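Pasted below: coords.csv, CSV, C-alpha atoms.
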chain,number,residue,atom,x,y,z
Y,29,MET,CA,-23.6,7.1,3.5
Y,30,CYS,CA,-21.3,6.3,0.6
Y,31,GLU,CA,-17.6,6.0,1.0
Y,32,VAL,CA,-15.3,6.4,-2.0
Y,33,ILE,CA,-12.1,4.5,-1.7
Y,34,VAL,CA,-9.1,4.8,-4.1
Y,35,VAL,CA,-6.9,1.7,-4.3
Y,36,THR,CA,-3.4,2.9,-5.4
Y,37,SER,CA,0.2,2.0,-5.2
Y,38,GLY,CA,2.5,4.1,-7.5
Y,39,LYS,CA,4.4,1.0,-8.7
Y,40,GLY,CA,2.7,-1.3,-11.1
Y,41,GLY,CA,2.2,-5.0,-10.6
Y,42,VAL,CA,1.8,-5.0,-6.8
Y,43,GLY,CA,-1.8,-6.1,-6.8
Y,44,LYS,CA,-4.1,-3.0,-7.0
Y,45,THR,CA,-6.5,-4.7,-9.4
Y,46,THR,CA,-6.6,-8.0,-7.5
Y,47,THR,CA,-7.2,-6.0,-4.3
Y,48,THR,CA,-10.0,-3.9,-5.8
Y,49,ALA,CA,-11.7,-7.0,-7.2
Y,50,ASN,CA,-11.5,-8.9,-3.9
Y,51,LEU,CA,-12.4,-6.0,-1.7
Y,52,GLY,CA,-15.4,-5.2,-3.9
Y,53,SER,CA,-16.5,-8.8,-3.7
Y,54,GLY,CA,-15.7,-9.0,0.0
Y,55,LEU,CA,-17.8,-5.9,0.7
Y,56,ALA,CA,-20.6,-7.1,-1.5
Y,57,ALA,CA,-20.6,-10.5,0.3
Y,58,LEU,CA,-21.2,-8.5,3.5
Y,59,GLY,CA,-24.4,-7.2,2.0
Y,60,LYS,CA,-23.0,-3.8,0.9
Y,61,ARG,CA,-23.9,-2.1,-2.4
Y,62,VAL,CA,-20.6,-1.7,-4.2
Y,63,VAL,CA,-19.4,-0.4,-7.5
Y,64,MET,CA,-15.8,-0.9,-8.7
Y,65,ILE,CA,-14.6,1.6,-11.2
Y,66,ASP,CA,-11.6,0.8,-13.4
Y,67,THR,CA,-9.9,4.2,-13.9
Y,68,ASP,CA,-7.0,2.7,-15.9
Y,69,ILE,CA,-8.0,4.0,-19.3
Y,70,GLY,CA,-6.2,2.3,-22.2
Y,71,LEU,CA,-5.1,-0.6,-20.1
Y,72,ARG,CA,-8.2,-2.1,-18.6
Y,73,ASN,CA,-7.7,-5.1,-16.4
Y,74,LEU,CA,-10.4,-5.2,-13.7
Y,75,ASP,CA,-12.9,-6.7,-16.0
Y,76,VAL,CA,-10.7,-9.7,-16.7
Y,77,VAL,CA,-9.8,-10.2,-13.1
Y,78,MET,CA,-13.5,-10.2,-12.3
Y,79,GLY,CA,-14.3,-12.5,-15.3
Y,80,LEU,CA,-16.7,-9.9,-16.7
Y,81,GLU,CA,-14.8,-9.1,-19.9
Y,82,ASN,CA,-17.5,-10.5,-22.2
Y,83,ARG,CA,-20.3,-8.4,-20.8
Y,84,ILE,CA,-18.9,-5.0,-21.6
Y,85,VAL,CA,-21.1,-2.8,-23.8
Y,86,TYR,CA,-20.3,0.7,-22.7
Y,87,ASN,CA,-17.4,2.0,-20.6
Y,88,LEU,CA,-16.2,4.9,-18.4
Y,89,VAL,CA,-15.3,7.2,-21.3
Y,90,ASP,CA,-18.7,6.6,-22.9
Y,91,VAL,CA,-20.4,7.7,-19.7
Y,92,VAL,CA,-18.2,10.8,-19.3
Y,93,GLU,CA,-18.8,11.8,-22.9
Y,94,GLY,CA,-22.5,11.3,-22.7
Y,95,VAL,CA,-22.7,8.4,-25.2
Y,96,CYS,CA,-24.8,6.4,-22.6
Y,97,ARG,CA,-26.2,6.8,-19.2
Y,98,VAL,CA,-24.3,5.5,-16.1
Y,99,LYS,CA,-26.8,2.7,-15.6
Y,100,GLN,CA,-26.2,1.3,-19.1
Y,101,ALA,CA,-22.5,1.0,-18.5
Y,102,LEU,CA,-22.7,-0.7,-15.2
Y,103,ILE,CA,-22.1,-4.5,-15.3
Y,104,LYS,CA,-24.0,-6.4,-12.6
Y,105,ASP,CA,-22.0,-9.2,-11.1
Y,106,LYS,CA,-24.0,-12.4,-11.0
Y,107,ARG,CA,-22.1,-13.9,-8.1
Y,108,TYR,CA,-22.7,-11.1,-5.6
Y,109,GLN,CA,-25.9,-9.3,-5.1
Y,110,GLY,CA,-25.2,-5.5,-5.1
Y,111,LEU,CA,-21.8,-5.7,-6.9
Y,112,TYR,CA,-21.3,-3.7,-10.1
Y,113,LEU,CA,-18.3,-2.9,-12.4
Y,114,LEU,CA,-17.8,0.2,-14.4
Y,115,PRO,CA,-15.2,-0.9,-16.9
Y,116,SER,CA,-12.5,1.3,-18.4
Y,117,ALA,CA,-12.1,2.1,-22.1
Y,118,GLN,CA,-9.4,0.1,-23.9
Y,119,THR,CA,-9.0,2.1,-27.0
Y,120,ARG,CA,-8.5,5.5,-25.5
Y,121,ASP,CA,-5.9,7.1,-23.3
Y,122,LYS,CA,-5.7,8.8,-19.9
Y,123,SER,CA,-6.4,12.3,-21.3
Y,124,ALA,CA,-9.9,11.2,-22.3
Y,125,VAL,CA,-11.2,12.0,-18.8
Y,126,ASN,CA,-10.3,14.8,-16.4
Y,127,GLU,CA,-10.7,15.3,-12.7
Y,128,HIS,CA,-13.9,17.3,-12.9
Y,129,GLN,CA,-15.7,14.7,-15.0
Y,130,MET,CA,-14.6,12.0,-12.6
Y,131,ILE,CA,-15.9,13.9,-9.6
Y,132,LYS,CA,-19.2,14.5,-11.4
Y,133,LEU,CA,-19.5,10.8,-12.2
Y,134,ILE,CA,-18.8,9.7,-8.6
Y,135,ASP,CA,-21.2,12.2,-7.2
Y,136,ASN,CA,-23.8,10.8,-9.6
Y,137,LEU,CA,-23.1,7.3,-8.3
Y,138,ARG,CA,-22.9,8.1,-4.5
Y,139,PRO,CA,-26.6,7.9,-3.7
Y,140,GLN,CA,-27.0,4.4,-5.1
Y,141,PHE,CA,-24.0,2.8,-3.3
Y,142,ASP,CA,-22.4,2.1,0.0
Y,143,TYR,CA,-18.9,1.9,-1.4
Y,144,ILE,CA,-17.3,3.1,-4.6
Y,145,LEU,CA,-13.9,1.4,-5.2
Y,146,LEU,CA,-11.6,3.2,-7.7
Y,147,ASP,CA,-8.9,1.0,-9.2
Y,148,CYS,CA,-6.1,3.4,-9.9
Y,149,PRO,CA,-3.5,3.1,-12.7
Y,150,ALA,CA,0.2,2.8,-11.9
Y,151,GLY,CA,2.1,6.1,-12.0
Y,152,ILE,CA,1.3,9.6,-10.8
Y,153,GLU,CA,0.1,11.1,-14.1
Y,154,GLN,CA,-3.5,12.1,-15.2
Y,155,GLY,CA,-5.0,8.6,-14.5
Y,156,PHE,CA,-3.8,8.8,-10.9
Y,157,LYS,CA,-5.1,12.4,-10.5
Y,158,ASN,CA,-8.5,11.4,-11.9
Y,159,ALA,CA,-8.8,8.4,-9.5
Y,160,VAL,CA,-7.7,10.4,-6.5
Y,161,ALA,CA,-9.8,13.5,-7.1
Y,162,GLY,CA,-13.1,12.0,-6.2
Y,163,ALA,CA,-12.0,9.8,-3.4
Y,164,ASP,CA,-12.7,10.1,0.4
Y,165,ARG,CA,-10.1,7.7,1.6
Y,166,GLY,CA,-7.1,5.8,0.2
Y,167,ILE,CA,-5.8,2.3,0.4
Y,168,ILE,CA,-2.2,1.9,-0.6
Y,169,VAL,CA,-1.1,-1.5,-1.8
Y,170,THR,CA,2.5,-2.4,-1.5
Y,171,THR,CA,4.8,-5.4,-1.4
Y,172,PRO,CA,7.7,-5.8,1.0
Y,173,GLU,CA,10.3,-4.7,-1.6
Y,174,VAL,CA,12.4,-1.5,-1.6
Y,175,SER,CA,11.1,-0.3,-5.0
Y,176,ALA,CA,7.4,-0.8,-4.1
Y,177,ILE,CA,7.8,0.9,-0.7
Y,178,ARG,CA,9.6,3.8,-2.1
Y,179,ASP,CA,6.8,4.4,-4.6
Y,180,ALA,CA,4.2,3.9,-1.9
Y,181,ASP,CA,5.9,6.6,0.2
Y,182,ARG,CA,5.7,9.0,-2.7
Y,183,ILE,CA,2.0,8.3,-3.2
Y,184,ILE,CA,1.3,8.8,0.5
Y,185,GLY,CA,3.0,12.2,0.3
Y,186,LEU,CA,0.8,13.0,-2.7
Y,187,LEU,CA,-2.4,11.9,-1.1
Y,188,GLU,CA,-1.5,14.0,2.0
Y,189,SER,CA,-1.1,17.0,-0.3
Y,190,TYR,CA,-4.6,16.3,-1.6
Y,191,GLU,CA,-5.6,16.5,2.1
Y,192,MET,CA,-7.0,13.0,2.1
Y,193,SER,CA,-7.8,12.3,5.8
Y,194,LYS,CA,-7.7,8.5,5.9
Y,195,ILE,CA,-5.0,6.5,4.2
Y,196,ASP,CA,-4.5,2.8,5.1
Y,197,LEU,CA,-1.9,0.3,4.0
Y,198,ILE,CA,-2.3,-3.2,2.6
Y,199,LEU,CA,0.9,-5.3,2.5
Y,200,ASN,CA,0.7,-7.8,-0.3
Y,201,ARG,CA,2.6,-10.9,-1.1
Y,202,VAL,CA,4.1,-11.4,2.3
Y,203,ARG,CA,6.0,-14.7,2.7
Y,204,LEU,CA,6.1,-15.7,6.3
Y,205,ASP,CA,9.0,-18.1,5.8
Y,206,LEU,CA,11.2,-15.3,4.4
Y,207,VAL,CA,10.1,-12.9,7.2
Y,208,LYS,CA,11.0,-15.4,9.9
Y,209,ARG,CA,14.4,-16.0,8.3
Y,210,GLY,CA,15.0,-12.2,8.1
Y,211,ASP,CA,15.1,-12.2,4.4
Y,212,MET,CA,11.9,-10.1,3.9
Y,213,MET,CA,10.9,-6.9,5.7
Y,214,SER,CA,8.2,-7.6,8.2
Y,215,PRO,CA,4.9,-5.8,8.4
Y,216,THR,CA,6.2,-3.9,11.4
Y,217,ASP,CA,9.3,-2.8,9.4
Y,218,VAL,CA,7.1,-1.5,6.6
Y,219,VAL,CA,4.7,0.3,8.9
Y,220,ASP,CA,7.7,1.8,10.7
Y,221,ILE,CA,8.9,3.2,7.4
Y,222,LEU,CA,5.7,4.4,5.9
Y,223,GLY,CA,4.0,5.6,9.0
Y,224,ILE,CA,0.4,4.9,8.0
Y,225,PRO,CA,-2.0,2.3,9.6
Y,226,LEU,CA,-1.9,-1.2,8.3
Y,227,ILE,CA,-5.4,-2.5,7.3
Y,228,GLY,CA,-4.3,-5.9,6.1
Y,229,ILE,CA,-1.6,-8.4,5.3
Y,230,ILE,CA,-2.0,-10.6,2.3
Y,231,PRO,CA,0.2,-13.7,2.2
Y,232,ASP,CA,1.8,-14.7,-1.1
Y,233,ASP,CA,-0.7,-17.4,-2.1
Y,234,GLU,CA,-0.9,-19.5,-5.2
Y,235,GLN,CA,-4.7,-19.3,-5.0
Y,236,VAL,CA,-4.4,-15.7,-6.2
Y,237,VAL,CA,-3.0,-16.9,-9.5
Y,238,ILE,CA,-5.5,-19.8,-9.8
Y,239,SER,CA,-8.5,-17.6,-9.1
Y,240,THR,CA,-7.3,-14.9,-11.5
Y,241,ASN,CA,-6.9,-17.5,-14.2
Y,242,HIS,CA,-10.6,-18.4,-13.7
Y,243,GLY,CA,-11.7,-14.8,-13.4
Y,244,ASP,CA,-13.1,-15.4,-10.0
Y,245,PRO,CA,-12.6,-13.4,-6.8
Y,246,LEU,CA,-11.0,-15.4,-4.1
Y,247,VAL,CA,-12.8,-14.0,-1.1
Y,248,GLU,CA,-15.1,-17.1,-0.9
Y,249,THR,CA,-12.2,-19.6,-1.2
Y,250,MET,CA,-10.7,-21.2,1.9
Y,251,SER,CA,-7.3,-19.8,0.9
Y,252,MET,CA,-5.1,-17.7,3.2
Y,253,ALA,CA,-5.3,-14.7,0.8
Y,254,GLY,CA,-9.1,-15.1,0.6
Y,255,ARG,CA,-9.3,-15.0,4.4
Y,256,ALA,CA,-7.1,-11.9,4.5
Y,257,TYR,CA,-9.3,-10.1,2.0
Y,258,ARG,CA,-12.4,-11.0,3.9
Y,259,ASN,CA,-10.8,-9.6,7.1
Y,260,ILE,CA,-9.9,-6.3,5.3
Y,261,SER,CA,-13.4,-6.0,4.0
Y,262,LEU,CA,-14.7,-6.2,7.6
Y,263,ARG,CA,-12.1,-3.6,8.7
Y,264,ILE,CA,-13.2,-1.3,6.0
Y,265,THR,CA,-16.8,-1.4,7.3
Y,266,GLY,CA,-15.4,-0.4,10.7
Y,267,GLU,CA,-15.3,-3.8,12.4
Y,268,GLU,CA,-12.3,-4.6,14.6
Y,269,VAL,CA,-10.6,-7.7,13.3
Y,270,PRO,CA,-7.1,-8.5,14.7
Y,271,LEU,CA,-4.3,-8.4,12.1
Y,272,GLU,CA,-2.6,-11.7,11.4
Y,273,LEU,CA,0.4,-12.8,9.6
Y,274,THR,CA,-0.3,-16.2,8.0
Y,275,GLY,CA,1.7,-18.4,5.7
Y,276,THR,CA,3.5,-21.7,5.5
Y,277,VAL,CA,6.9,-22.2,7.1
Y,278,SER,CA,8.8,-25.2,6.0
Y,279,PHE,CA,10.2,-27.7,8.4
Y,280,TRP,CA,13.8,-26.7,7.8
Y,281,THR,CA,13.1,-23.0,8.4
Y,282,LYS,CA,11.6,-24.0,11.7
Y,283,VAL,CA,14.6,-26.1,12.6
Y,284,THR,CA,17.2,-23.5,11.6
Y,285,GLY,CA,15.1,-20.9,13.3
Y,286,ILE,CA,15.7,-22.8,16.6
Y,287,PHE,CA,19.5,-22.6,16.1
Y,288,LEU,CA,19.5,-19.0,14.9
Y,289,LYS,CA,17.8,-17.9,18.1
Y,290,ASN,CA,20.9,-18.7,20.1
U,10,MET,CA,27.1,-25.8,8.1
U,11,LYS,CA,27.3,-22.8,5.8
U,12,LYS,CA,24.7,-20.9,7.7
U,13,PHE,CA,27.0,-20.7,10.8
U,14,VAL,CA,29.9,-19.2,8.9
U,15,PHE,CA,27.7,-16.2,7.9
U,16,PHE,CA,26.1,-16.1,11.3
U,17,LYS,CA,27.0,-12.5,11.9
U,18,LYS,CA,26.0,-11.4,8.5
U,19,LYS,CA,23.1,-8.9,8.4
U,20,SER,CA,19.9,-10.3,7.1
U,21,SER,CA,18.7,-9.1,3.7
U,22,GLY,CA,15.5,-7.8,5.2
U,23,ASN,CA,17.4,-5.5,7.5
U,24,ILE,CA,19.6,-4.4,4.6
U,25,ALA,CA,16.4,-3.5,2.6
U,26,LYS,CA,15.0,-1.6,5.5
U,27,ASP,CA,18.2,0.4,6.0
U,28,ARG,CA,18.5,1.2,2.3
U,29,LEU,CA,14.9,2.4,2.3
U,30,LYS,CA,15.4,4.6,5.2
U,31,ILE,CA,18.3,6.4,3.6
U,32,LEU,CA,16.5,6.5,0.2
U,33,LEU,CA,13.3,8.0,1.6
U,34,ILE,CA,15.2,10.8,3.4
U,35,SER,CA,16.3,12.3,0.2
U,36,ASP,CA,13.0,11.5,-1.6
U,37,ARG,CA,10.9,13.2,1.1
U,38,ILE,CA,12.5,16.6,1.2
U,39,ASN,CA,14.8,16.6,-1.7
U,40,CYS,CA,17.7,16.6,0.7
U,41,SER,CA,20.7,14.5,-0.4
U,42,PRO,CA,22.3,12.1,2.0
U,43,LYS,CA,25.4,14.2,1.7
U,44,THR,CA,23.7,17.3,3.1
U,45,LEU,CA,22.5,15.2,6.0
U,46,THR,CA,26.0,14.0,6.7
U,47,LEU,CA,27.2,17.6,6.8
U,48,ILE,CA,24.3,18.6,9.1
U,49,LYS,CA,25.1,15.7,11.3
U,50,ALA,CA,28.9,16.6,11.5
U,51,ASP,CA,28.0,20.2,12.3
U,52,ILE,CA,25.6,19.3,15.1
U,53,ILE,CA,28.1,16.9,16.7
U,54,HIS,CA,30.8,19.6,16.4
U,55,VAL,CA,28.7,22.2,18.1
U,56,ILE,CA,27.5,20.0,20.9
U,57,SER,CA,31.1,18.6,21.5
U,58,LYS,CA,32.2,22.1,22.4
U,59,TYR,CA,30.1,21.9,25.6
U,60,VAL,CA,29.7,18.2,26.4
U,61,ASN,CA,31.5,14.9,25.8
U,62,ILE,CA,29.2,12.8,23.6
U,63,ASP,CA,29.1,9.2,22.7
U,64,GLU,CA,29.6,9.6,19.0
U,65,GLU,CA,29.2,5.9,18.2
U,66,HIS,CA,25.7,5.8,19.6
U,67,THR,CA,24.7,9.2,18.2
U,68,GLU,CA,21.7,9.0,15.9
U,69,ILE,CA,20.6,12.0,13.8
U,70,ILE,CA,17.9,11.1,11.4
U,71,LEU,CA,15.1,12.7,9.3
U,72,LYS,CA,11.7,11.3,10.0
U,73,LYS,CA,8.4,11.9,8.5
U,74,ASN,CA,6.1,13.1,11.3
U,75,ASN,CA,3.8,10.1,11.6
U,76,LYS,CA,1.1,11.9,13.6
U,77,ARG,CA,-1.8,12.8,11.5
U,78,GLY,CA,-2.9,16.4,11.7
U,79,ASN,CA,-1.4,19.8,11.1
U,80,ASN,CA,2.3,18.9,11.2
U,81,LYS,CA,3.2,16.6,8.4
U,82,ARG,CA,6.6,18.1,7.8
U,83,PRO,CA,9.7,16.0,8.0
U,84,THR,CA,11.4,16.4,11.4
U,85,LEU,CA,15.0,16.1,12.3
U,86,TYR,CA,15.5,13.7,15.3
U,87,ALA,CA,18.7,13.8,17.3
U,88,ASN,CA,19.5,11.2,19.8
U,89,ILE,CA,22.8,12.1,21.4
U,90,PRO,CA,24.0,10.3,24.5
U,91,ILE,CA,26.1,12.5,26.8
U,92,LEU,CA,29.1,11.0,28.5
U,93,ASP,CA,30.0,13.9,30.7
U,94,ILE,CA,29.8,17.7,30.7
U,95,HIS,CA,32.9,19.9,30.3
U,96,GLU,CA,33.6,22.0,33.4

Would you mind writing the structure in this file as structure tokens?
Amino acid sequence: MCEVIVVTSGKGGVGKTTTTANLGSGLAALGKRVVMIDTDIGLRNLDVVMGLENRIVYNLVDVVEGVCRVKQALIKDKRYQGLYLLPSAQTRDKSAVNEHQMIKLIDNLRPQFDYILLDCPAGIEQGFKNAVAGADRGIIVTTPEVSAIRDADRIIGLLESYEMSKIDLILNRVRLDLVKRGDMMSPTDVVDILGIPLIGIIPDDEQVVISTNHGDPLVETMSMAGRAYRNISLRITGEEVPLELTGTVSFWTKVTGIFLKN
Amino acid sequence: MKKFVFFKKKSSGNIAKDRLKILLISDRINCSPKTLTLIKADIIHVISKYVNIDEEHTEIILKKNNKRGNNKRPTLYANIPILDIHE
């Protein structure tokens, strides 16, 4: 059975596209048939994060408008068996596609895939509505910052109004040293505020920047973030993997931590 | 050490959390923090007529109902410690 997951956040720049790319790769590495759809029309990014930008012929709008068949627009990833990307259009805007067309497209893809990941644009306008319309479940990406969490809360409210039954949270760019020092909200704090289950914690990891520079997913790397994404992929498939908060803590944080406990 | 001077200072993580809590109250139901303060004052006023309450530890907050299911409406939680009951 196919599951359609929308990756959304409200606020821009919190890591939706990176998350979509890595969960797509992570699920494909587990042997699942996965298609990632970039629904950010006009500002396409998922293709570059995946390093597939030079292989685009047709895009999402072409498919919706009947210029080509879905199969022609799907780009097959060479690194992972069973992983495909449906890129967005760069020269059009959000109004080029509506919710009904999106639902029709997704229903068309369902029989061929185990997971359909929708990379949602920032904001709550038409692009968001399109991405959410066809989804079965939602993954909210946020960072431990006031602005990002505020937007995430709004998005959760909207997804609930769409009667989405399963909404999970990914907390991105967590710095263990700051959390320990009390200068960053902890995963517990964030879950306490947002009230939805946490499906993963991604540490702030320089490997994310390095992998994105190369256009490679980081799930296969030995990095902390790569490990976190692998674990989330497993949790999506229903496996129980304990949550962990990883990161580096400097020697001085440890020393002052001993004093601060008194 | 500078750190010990500010030992009692609230950590910025907690400041962020508290700011968010207040912010989300008004975001969630379009109720301004001012209205909530008025509600709080009125509740304390009414209850004080009958019992002595510990105002300092009284907590009246709006929470989103975290349980999934039918009731997703924001709920007003009041935690009012009673010192003693008026005769």

(message) Report as a ChimeraX atom specification all protein, DNA and RNA residues lying within 10 Å of Leu88 (chain Y), evaluated on only C-alpha atoms, omitting residues in the same chain fewer than 4 positions from it.
(response) /Y:65-69,92-94,96,98,101-102,114-118,124-125,130,133

Please tabulate, as a tab-separated table, the residues of chain U that come within 8 Å of chain Y, each with its closest pair of atoms and the distance in Å to one decimal, counting only C-alpha atoms and ordering rows by chain, then residue number upward.
residue	atom	partner	partner_atom	distance
U:Ser20	CA	Y:Gly210	CA	5.3
U:Ser21	CA	Y:Asp211	CA	4.8
U:Gly22	CA	Y:Met212	CA	4.5
U:Asn23	CA	Y:Met213	CA	6.9
U:Ala25	CA	Y:Val174	CA	6.1
U:Lys26	CA	Y:Met213	CA	6.7
U:Arg28	CA	Y:Val174	CA	7.7
U:Leu29	CA	Y:Val174	CA	6.1
U:Lys30	CA	Y:Ile221	CA	7.0
U:Leu32	CA	Y:Arg178	CA	7.8
U:Leu33	CA	Y:Arg178	CA	6.7
U:Asp36	CA	Y:Arg182	CA	7.8
U:Arg37	CA	Y:Arg182	CA	7.7
U:Lys73	CA	Y:Gly223	CA	7.7
U:Asn75	CA	Y:Gly223	CA	5.2

Nearest to Ala50 (chain U), restricted to all atoms listed in the file and choosing among U:Ser35, U:Asp63, U:Ile91, U:Ile69, comes out as U:Ile69

Excluding Ala57 (chain Y) and any residue of its chain fewer than 4 positions from it, enumerate the residues within 10 Å of it, using all atoms listed in the file, and give them as a PyMOL selection string.
chain Y and resi 51-53+61-62+107-111+247-248+258+261

Min atom-atom distance to Leu92 (chain U) from the set U:Ile38, U:Val60, U:Ile24, U:Val55, counting only C-alpha atoms, belongs to U:Val60

Query raised in the report: Near Asn50 (chain Y), counting all atoms listed in the file, which residues have an atom at most 7 Å away, once you skip same-chain residues fewer than 5 positions from it, shown as an NGL selection string?
Result: :Y and (245-247 or 257)

query: Mind pulling up the distance from CA of Gln140 (chain Y) to CA of Leu113 (chain Y)?
result: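 Distance reported for this atom pair: 13.5 Å.
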
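Here CA of Gly254 (chain Y) stands at a distance of 17.3 Å from CA of Leu197 (chain Y).
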
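Proximity ranking of Y:Lys60, Y:Gly41, Y:Lys132, Y:Gly155 relative to Tyr112 (chain Y) places Y:Lys60 first, based on all atoms listed in the file.
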
Distance of CA of Thr274 (chain Y) from CA of Leu74 (chain Y), expressed in Å to one decimal place
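So the answer is 26.3 Å.
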
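Distances from Y:Pro215, Y:Gly38, Y:Pro231, Y:Pro139 to Phe156 (chain Y) were compared using all atoms listed in the file, and the smallest one belongs to Y:Gly38.
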
Could you tell me, as an MDAnalysis selection string, which residues have any atom at most 12 Å from (-11.4, -12.8, -14.6), counting all atoms listed in the file?
chainID Y and resid 45:46 49:50 72:83 105 236:246

message = So that I can check the surroundings of Ile52 (chain U), please list as a list of chain:residue names every protein, DNA and RNA residue that reaches within 10 Å of it, counting all atoms listed in the file and ignoring chain neighbours fewer than 5 positions away.
response =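 Near neighbours after the sequence-gap exclusion: U:Thr46, U:Leu47, U:Ser57, U:Ile69, U:Ala87, U:Ile89.
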
- [ ] Select, from Y:Asp205, Y:Leu58, Y:Pro270, Y:Val32, the residue with the minimum atom-to-atom distance to Gly162 (chain Y), counting all atoms listed in the file.
- [x]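 Using all atoms listed in the file, Gly162 (chain Y) sits closest to Y:Val32.
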
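Residue nearest Ile227 (chain Y) within the list Y:Met192, Y:Ile264, Y:Val95, Y:Met250: Y:Ile264 [criterion: smallest interatomic distance, all atoms listed in the file].
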